Structure formats: structure tokens, C-alpha cells
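Participant: Got a file for you: upload31.pdb, PDB, C-alpha atoms, pLDDT in the B column.
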```pdb
ATOM      1  CA  MET V   1     -65.580 -57.473 -28.966  1.00 57.00           C
ATOM      2  CA  SER V   2     -68.460 -59.604 -27.698  1.00 83.00           C
ATOM      3  CA  GLU V   3     -70.976 -57.260 -29.342  1.00 91.00           C
ATOM      4  CA  ALA V   4     -69.360 -57.785 -32.763  1.00 91.00           C
ATOM      5  CA  VAL V   5     -69.567 -61.546 -32.253  1.00 92.00           C
ATOM      6  CA  ARG V   6     -73.215 -61.222 -31.219  1.00 92.00           C
ATOM      7  CA  ASP V   7     -73.927 -59.118 -34.315  1.00 91.00           C
ATOM      8  CA  PHE V   8     -72.384 -61.790 -36.531  1.00 90.00           C
ATOM      9  CA  PHE V   9     -74.494 -64.574 -35.049  1.00 90.00           C
ATOM     10  CA  ASP V  10     -77.654 -62.428 -35.091  1.00 89.00           C
ATOM     11  CA  GLY V  11     -77.071 -61.708 -38.772  1.00 87.00           C
ATOM     12  CA  LEU V  12     -76.441 -65.364 -39.468  1.00 84.00           C
ATOM     13  CA  ALA V  13     -79.747 -66.389 -37.913  1.00 80.00           C
ATOM     14  CA  GLU V  14     -81.681 -63.587 -39.634  1.00 78.00           C
ATOM     15  CA  GLY V  15     -80.091 -64.015 -43.036  1.00 68.00           C
ATOM     16  CA  GLY V  16     -80.480 -67.765 -43.224  1.00 61.00           C
ATOM     17  CA  GLY V  17     -78.046 -70.111 -44.833  1.00 58.00           C
ATOM     18  CA  ARG V  18     -77.045 -68.956 -48.251  1.00 58.00           C
ATOM     19  CA  MET V  19     -75.793 -71.960 -50.153  1.00 68.00           C
ATOM     20  CA  LEU V  20     -76.665 -74.300 -47.263  1.00 73.00           C
ATOM     21  CA  ARG V  21     -79.913 -75.826 -48.531  1.00 77.00           C
ATOM     22  CA  GLN V  22     -78.339 -79.301 -48.577  1.00 80.00           C
ATOM     23  CA  VAL V  23     -76.823 -78.998 -45.092  1.00 84.00           C
ATOM     24  CA  SER V  24     -78.198 -80.175 -41.757  1.00 90.00           C
ATOM     25  CA  GLY V  25     -76.267 -80.425 -38.512  1.00 92.00           C
ATOM     26  CA  THR V  26     -74.864 -78.466 -35.596  1.00 94.00           C
ATOM     27  CA  VAL V  27     -71.655 -76.525 -35.076  1.00 94.00           C
ATOM     28  CA  ARG V  28     -70.623 -75.171 -31.696  1.00 96.00           C
ATOM     29  CA  PHE V  29     -68.176 -72.280 -31.576  1.00 95.00           C
ATOM     30  CA  ASP V  30     -66.178 -72.039 -28.362  1.00 96.00           C
ATOM     31  CA  LEU V  31     -64.744 -68.526 -28.439  1.00 96.00           C
ATOM     32  CA  SER V  32     -62.135 -67.705 -25.850  1.00 96.00           C
ATOM     33  CA  TYR V  33     -61.613 -64.310 -24.259  1.00 95.00           C
ATOM     34  CA  PRO V  34     -58.948 -63.477 -21.675  1.00 95.00           C
ATOM     35  CA  ASP V  35     -61.432 -64.005 -18.839  1.00 95.00           C
ATOM     36  CA  ARG V  36     -64.040 -66.425 -20.217  1.00 94.00           C
ATOM     37  CA  VAL V  37     -65.214 -68.739 -22.982  1.00 94.00           C
ATOM     38  CA  GLU V  38     -68.451 -68.099 -24.886  1.00 94.00           C
ATOM     39  CA  HIS V  39     -70.339 -70.947 -26.505  1.00 95.00           C
ATOM     40  CA  TRP V  40     -72.465 -70.399 -29.613  1.00 95.00           C
ATOM     41  CA  LEU V  41     -74.459 -73.272 -31.060  1.00 95.00           C
ATOM     42  CA  VAL V  42     -75.399 -72.952 -34.742  1.00 93.00           C
ATOM     43  CA  SER V  43     -78.081 -75.414 -35.851  1.00 92.00           C
ATOM     44  CA  ILE V  44     -78.645 -75.822 -39.579  1.00 89.00           C
ATOM     45  CA  ASP V  45     -81.681 -77.624 -40.939  1.00 88.00           C
ATOM     46  CA  GLN V  46     -81.728 -77.650 -44.758  1.00 85.00           C
ATOM     47  CA  GLY V  47     -80.468 -74.051 -44.795  1.00 81.00           C
ATOM     48  CA  ARG V  48     -82.591 -72.764 -41.896  1.00 87.00           C
ATOM     49  CA  ILE V  49     -80.240 -71.474 -39.232  1.00 88.00           C
ATOM     50  CA  THR V  50     -80.914 -71.010 -35.552  1.00 90.00           C
ATOM     51  CA  VAL V  51     -78.361 -69.780 -33.041  1.00 93.00           C
ATOM     52  CA  SER V  52     -78.281 -70.198 -29.291  1.00 93.00           C
ATOM     53  CA  ARG V  53     -75.782 -68.816 -26.848  1.00 91.00           C
ATOM     54  CA  ASP V  54     -73.977 -70.495 -23.982  1.00 77.00           C
ATOM     55  CA  ASP V  55     -75.371 -73.848 -25.095  1.00 71.00           C
ATOM     56  CA  VAL V  56     -72.709 -76.483 -24.485  1.00 79.00           C
ATOM     57  CA  ALA V  57     -74.788 -79.286 -25.977  1.00 80.00           C
ATOM     58  CA  ASP V  58     -73.109 -81.912 -28.086  1.00 89.00           C
ATOM     59  CA  ALA V  59     -72.581 -80.781 -31.650  1.00 95.00           C
ATOM     60  CA  ASP V  60     -71.536 -82.442 -34.886  1.00 96.00           C
ATOM     61  CA  THR V  61     -68.451 -80.206 -34.912  1.00 95.00           C
ATOM     62  CA  VAL V  62     -66.883 -78.009 -32.249  1.00 96.00           C
ATOM     63  CA  ILE V  63     -64.733 -75.077 -33.401  1.00 96.00           C
ATOM     64  CA  CYS V  64     -62.353 -73.620 -30.786  1.00 97.00           C
ATOM     65  CA  THR V  65     -60.593 -70.314 -31.325  1.00 97.00           C
ATOM     66  CA  ASP V  66     -60.135 -66.947 -29.707  1.00 96.00           C
ATOM     67  CA  ALA V  67     -62.819 -64.353 -30.371  1.00 96.00           C
ATOM     68  CA  GLN V  68     -60.463 -61.959 -32.146  1.00 96.00           C
ATOM     69  CA  PHE V  69     -59.422 -64.575 -34.706  1.00 96.00           C
ATOM     70  CA  PHE V  70     -63.047 -65.651 -35.144  1.00 95.00           C
ATOM     71  CA  LEU V  71     -63.981 -62.080 -36.078  1.00 94.00           C
ATOM     72  CA  ARG V  72     -61.208 -61.981 -38.674  1.00 93.00           C
ATOM     73  CA  MET V  73     -62.743 -65.076 -40.290  1.00 92.00           C
ATOM     74  CA  ALA V  74     -66.251 -63.624 -40.008  1.00 90.00           C
ATOM     75  CA  ARG V  75     -65.138 -60.438 -41.811  1.00 89.00           C
ATOM     76  CA  GLY V  76     -63.505 -62.468 -44.580  1.00 89.00           C
ATOM     77  CA  GLU V  77     -59.969 -61.390 -43.691  1.00 91.00           C
ATOM     78  CA  VAL V  78     -58.932 -65.009 -43.121  1.00 91.00           C
ATOM     79  CA  LYS V  79     -60.246 -68.024 -45.004  1.00 91.00           C
ATOM     80  CA  PRO V  80     -61.343 -70.788 -42.625  1.00 92.00           C
ATOM     81  CA  LEU V  81     -59.960 -73.875 -44.366  1.00 92.00           C
ATOM     82  CA  PRO V  82     -56.374 -72.592 -44.756  1.00 93.00           C
ATOM     83  CA  ALA V  83     -56.586 -71.245 -41.191  1.00 94.00           C
ATOM     84  CA  TRP V  84     -57.566 -74.694 -39.923  1.00 94.00           C
ATOM     85  CA  LEU V  85     -54.701 -76.268 -41.887  1.00 94.00           C
ATOM     86  CA  ARG V  86     -52.311 -73.796 -40.218  1.00 95.00           C
ATOM     87  CA  ASN V  87     -53.813 -74.793 -36.859  1.00 95.00           C
ATOM     88  CA  ASP V  88     -55.055 -71.246 -36.230  1.00 95.00           C
ATOM     89  CA  PHE V  89     -58.190 -72.845 -34.801  1.00 96.00           C
ATOM     90  CA  THR V  90     -59.113 -76.384 -33.840  1.00 96.00           C
ATOM     91  CA  ALA V  91     -62.089 -78.438 -34.926  1.00 96.00           C
ATOM     92  CA  ASP V  92     -63.369 -81.615 -33.398  1.00 96.00           C
ATOM     93  CA  GLY V  93     -66.052 -83.650 -35.144  1.00 95.00           C
ATOM     94  CA  GLU V  94     -67.241 -83.839 -38.721  1.00 94.00           C
ATOM     95  CA  PHE V  95     -64.804 -82.322 -41.208  1.00 92.00           C
ATOM     96  CA  ARG V  96     -67.595 -81.308 -43.619  1.00 90.00           C
ATOM     97  CA  PHE V  97     -68.534 -78.494 -41.255  1.00 90.00           C
ATOM     98  CA  VAL V  98     -65.004 -77.084 -41.354  1.00 90.00           C
ATOM     99  CA  VAL V  99     -65.332 -76.879 -45.152  1.00 87.00           C
ATOM    100  CA  MET V 100     -68.823 -75.399 -44.760  1.00 86.00           C
ATOM    101  CA  LEU V 101     -67.408 -72.450 -42.791  1.00 85.00           C
ATOM    102  CA  GLU V 102     -66.457 -70.877 -46.123  1.00 82.00           C
ATOM    103  CA  ARG V 103     -70.181 -70.460 -46.779  1.00 79.00           C
ATOM    104  CA  LEU V 104     -71.024 -69.049 -43.349  1.00 82.00           C
ATOM    105  CA  PHE V 105     -68.432 -66.303 -43.333  1.00 81.00           C
ATOM    106  CA  ALA V 106     -68.186 -63.240 -45.520  1.00 70.00           C
ATOM    107  CA  PRO V 107     -66.132 -63.340 -48.704  1.00 70.00           C
ATOM    108  CA  PRO V 108     -62.739 -61.628 -48.585  1.00 70.00           C
ATOM    109  CA  PRO V 109     -62.848 -57.820 -48.750  1.00 68.00           C
ATOM    110  CA  ASN V 110     -63.003 -56.529 -52.333  1.00 67.00           C
ATOM    111  CA  ALA V 111     -63.739 -60.032 -53.650  1.00 60.00           C
ATOM    112  CA  HIS V 112     -65.417 -60.263 -57.039  1.00 59.00           C
ATOM    113  CA  HIS V 113     -67.031 -63.123 -58.868  1.00 61.00           C
ATOM    114  CA  PRO V 114     -64.725 -64.403 -61.661  1.00 66.00           C
ATOM    115  CA  ARG V 115     -67.375 -63.659 -64.297  1.00 70.00           C
ATOM    116  CA  GLU V 116     -67.519 -60.008 -63.211  1.00 70.00           C
ATOM    117  CA  VAL V 117     -63.751 -59.716 -63.549  1.00 65.00           C
ATOM    118  CA  ALA V 118     -63.771 -61.390 -66.971  1.00 70.00           C
ATOM    119  CA  ALA V 119     -66.604 -59.152 -68.160  1.00 73.00           C
ATOM    120  CA  ARG V 120     -64.659 -56.039 -67.164  1.00 73.00           C
ATOM    121  CA  GLN V 121     -61.433 -57.212 -68.786  1.00 73.00           C
ATOM    122  CA  HIS V 122     -63.066 -58.569 -71.949  1.00 71.00           C
ATOM    123  CA  PRO V 123     -66.493 -56.923 -72.297  1.00 68.00           C
ATOM    124  CA  HIS V 124     -67.314 -58.545 -75.626  1.00 66.00           C
ATOM    125  CA  ALA V 125     -66.019 -62.033 -74.838  1.00 58.00           C
ATOM    126  CA  LEU V 126     -69.044 -63.199 -72.856  1.00 55.00           C
ATOM    127  CA  ALA V 127     -71.507 -61.903 -75.437  1.00 59.00           C
ATOM    128  CA  GLU V 128     -69.540 -63.575 -78.229  1.00 57.00           C
ATOM    129  CA  CYS V 129     -69.482 -66.884 -76.345  1.00 56.00           C
ATOM    130  CA  ARG V 130     -73.243 -66.868 -75.953  1.00 59.00           C
ATOM    131  CA  GLN V 131     -74.066 -66.174 -79.584  1.00 61.00           C
ATOM    132  CA  PRO V 132     -73.366 -68.725 -82.311  1.00 60.00           C
ATOM    133  CA  PRO V 133     -71.376 -67.675 -85.372  1.00 61.00           C
ATOM    134  CA  PRO V 134     -73.497 -66.451 -88.283  1.00 66.00           C
ATOM    135  CA  GLY V 135     -75.254 -69.291 -90.093  1.00 67.00           C
ATOM    136  CA  GLU V 136     -74.981 -71.825 -87.251  1.00 63.00           C
ATOM    137  CA  ALA V 137     -77.769 -72.993 -84.981  1.00 60.00           C
ATOM    138  CA  ALA V 138     -77.602 -72.061 -81.304  1.00 56.00           C
ATOM    139  CA  PHE V 139     -77.726 -75.747 -80.283  1.00 53.00           C
ATOM    140  CA  PRO V 140     -76.569 -78.811 -82.171  1.00 55.00           C
ATOM    141  CA  ALA V 141     -79.363 -80.883 -83.644  1.00 53.00           C
ATOM    142  CA  GLY V 142     -80.000 -84.553 -82.932  1.00 52.00           C
ATOM    143  CA  ASP V 143     -77.190 -86.514 -81.330  1.00 52.00           C
ATOM    144  CA  GLY V 144     -74.962 -83.510 -80.666  1.00 50.00           C
ATOM    145  CA  GLU V 145     -73.293 -83.322 -84.060  1.00 50.00           C
ATOM    146  CA  PRO V 146     -73.790 -80.084 -86.016  1.00 50.00           C
ATOM    147  CA  GLN V 147     -75.794 -80.500 -89.211  1.00 49.00           C
TER
END
```
Rewrite the coordinates I just gave you, this time as C-alpha cells.
Facilitator:
Amino acid sequence: MSEAVRDFFDGLAEGGGRMLRQVSGTVRFDLSYPDRVEHWLVSIDQGRITVSRDDVADADTVICTDAQFFLRMARGEVKPLPAWLRNDFTADGEFRFVVMLERLFAPPPNAHHPREVAARQHPHALAECRQPPPGEAAFPAGDGEPQ
């Protein structure tokens, strides 16, 4: 199990922070195993992510959970915010980092962007929305009123 956790954090540091360009701060994950607790410190600086292990330094937010549940969140099987609301894990510190977990972890398995789903269900709808009806300009002129 520890190797899967290590792979997640290695990938996080290598891949950088998608959708985290506005975020700076630190989150420490305290992951419990039957015989030990591992500490992982994730530092985010305007989307640049660095990870250190067994660093128990102060962090903006500390997430405590067991390693097995953490991996379920990392694989996208469990969404972090509802899990926190159910008290499946605890967080101490800045709440914004609990919300940010959604961006760190994988999307749910078989998740699709809503536009992809709409395009498959209504293939002509998106094209029709983008093109103005015949005889009308693509954008309104002047103060927003059609002429």
C-alpha cells in the first residue's frame, strides 16, 4: 500500500498543479497504517508542487486519514469534500485546502466533461449554438442591441 501512496505523491510533484495556479500554501497528509503513521508535506507555490516525506512541519492544513481511504480519494472513487462532511477524514487548518483536494485527486472513474456528454447526446446542438441564424450578425453591434 505504501508504494501506491508514494506513486501518487511522485506523480503529483512531477505533474504539477493543474488548476492550482492561484494557490499557495502547504498541506500535510498524516496517513495511518496499522503499525505507523506516514507524513507527507505538499507545498504549493502558484501551482508548483513539491512533496516531502516524513516532514512533520507546521502546515496550513493537516489532513488525517488511513492510507486505504486516502488511496480511494486519490483514485477518484471518493470525492474529498463529501467525505470530509461525513467525517471520513479530519482536517485541521484552512478550509480552502479541503476544497482544493478536489483538484489534487483524480476525477471519478468514467467521468466525462458535461460538454462531451452534451455533444454526444445532441451532436448538432453545439454547432447550432455557435452559429447565428441566417441574416444575423455573429455579435450584436454597438450597445448590445441587435440592429
Participant: Given the file above and the PyMOL selection byres ((chain V and resi 32) around 10), which residues are selected, and can you give them as a list of chain:residue names?
Facilitator: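 Residues picked by the PyMOL selection byres ((chain V and resi 32) around 10): V:Phe29, V:Asp30, V:Leu31, V:Tyr33, V:Pro34, V:Asp35, V:Arg36, V:Val37, V:Glu38, V:His39, V:Cys64, V:Thr65, V:Asp66, V:Ala67, V:Gln68, V:Phe69, V:Phe70.
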Participant: If we count all atoms listed in the file and set the cut-off at 12 Å, which residues sit around Arg103 (chain V), ignoring sequence neighbours fewer than 3 positions away in its own chain? Please answer as a list of chain:residue names.
Facilitator: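 Those residues are V:Leu12, V:Gly16, V:Gly17, V:Arg18, V:Met19, V:Leu20, V:Arg21, V:Val23, V:Gly47, V:Met73, V:Ala74, V:Gly76, V:Lys79, V:Pro80, V:Leu81, V:Arg96, V:Phe97, V:Val98, V:Val99, V:Met100, V:Ala106, V:Pro107, V:Pro108.
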Participant: Within 9 Å of Glu94 (chain V), counting all atoms listed in the file, which residues show up once you throw out same-chain ones fewer than 5 positions away? Write them as an mmCIF file with C-alpha atoms, in the frame of the given file, please.
Facilitator:
```cif
data_model
loop_
_atom_site.group_PDB
_atom_site.id
_atom_site.type_symbol
_atom_site.label_atom_id
_atom_site.label_comp_id
_atom_site.auth_asym_id
_atom_site.auth_seq_id
_atom_site.Cartn_x
_atom_site.Cartn_y
_atom_site.Cartn_z
ATOM 1 C CA ASP V 60 -71.536 -82.442 -34.886
ATOM 2 C CA THR V 61 -68.451 -80.206 -34.912
ATOM 3 C CA VAL V 62 -66.883 -78.009 -32.249
#
```
Participant: Do you have the CA of Ser52 (chain V)-CA of Arg86 (chain V) distance handy?
Facilitator: 28.4 Å
Participant: Given all atoms listed in the file as the basis, pick out the residue of V:Gln121, V:Leu41, V:Asp54, V:Ile63 nearest to Ala91 (chain V).
Facilitator: V:Ile63
Participant: Report, in Å to a single decimal, how far apart CA of Gln46 (chain V) and CA of Leu71 (chain V) are.
Facilitator: 25.2 Å
Participant: For a test of reading the model, state the distance in Å between CA of Gly93 (chain V) and CA of Val78 (chain V), rounded to one decimal.
Facilitator: 21.5 Å
Participant: Can you list, as a ChimeraX atom specification, the residues that the PyMOL selection byres ((chain V and resi 43) around 6) selects here?
Facilitator: /V:25-26,42,44,49-50
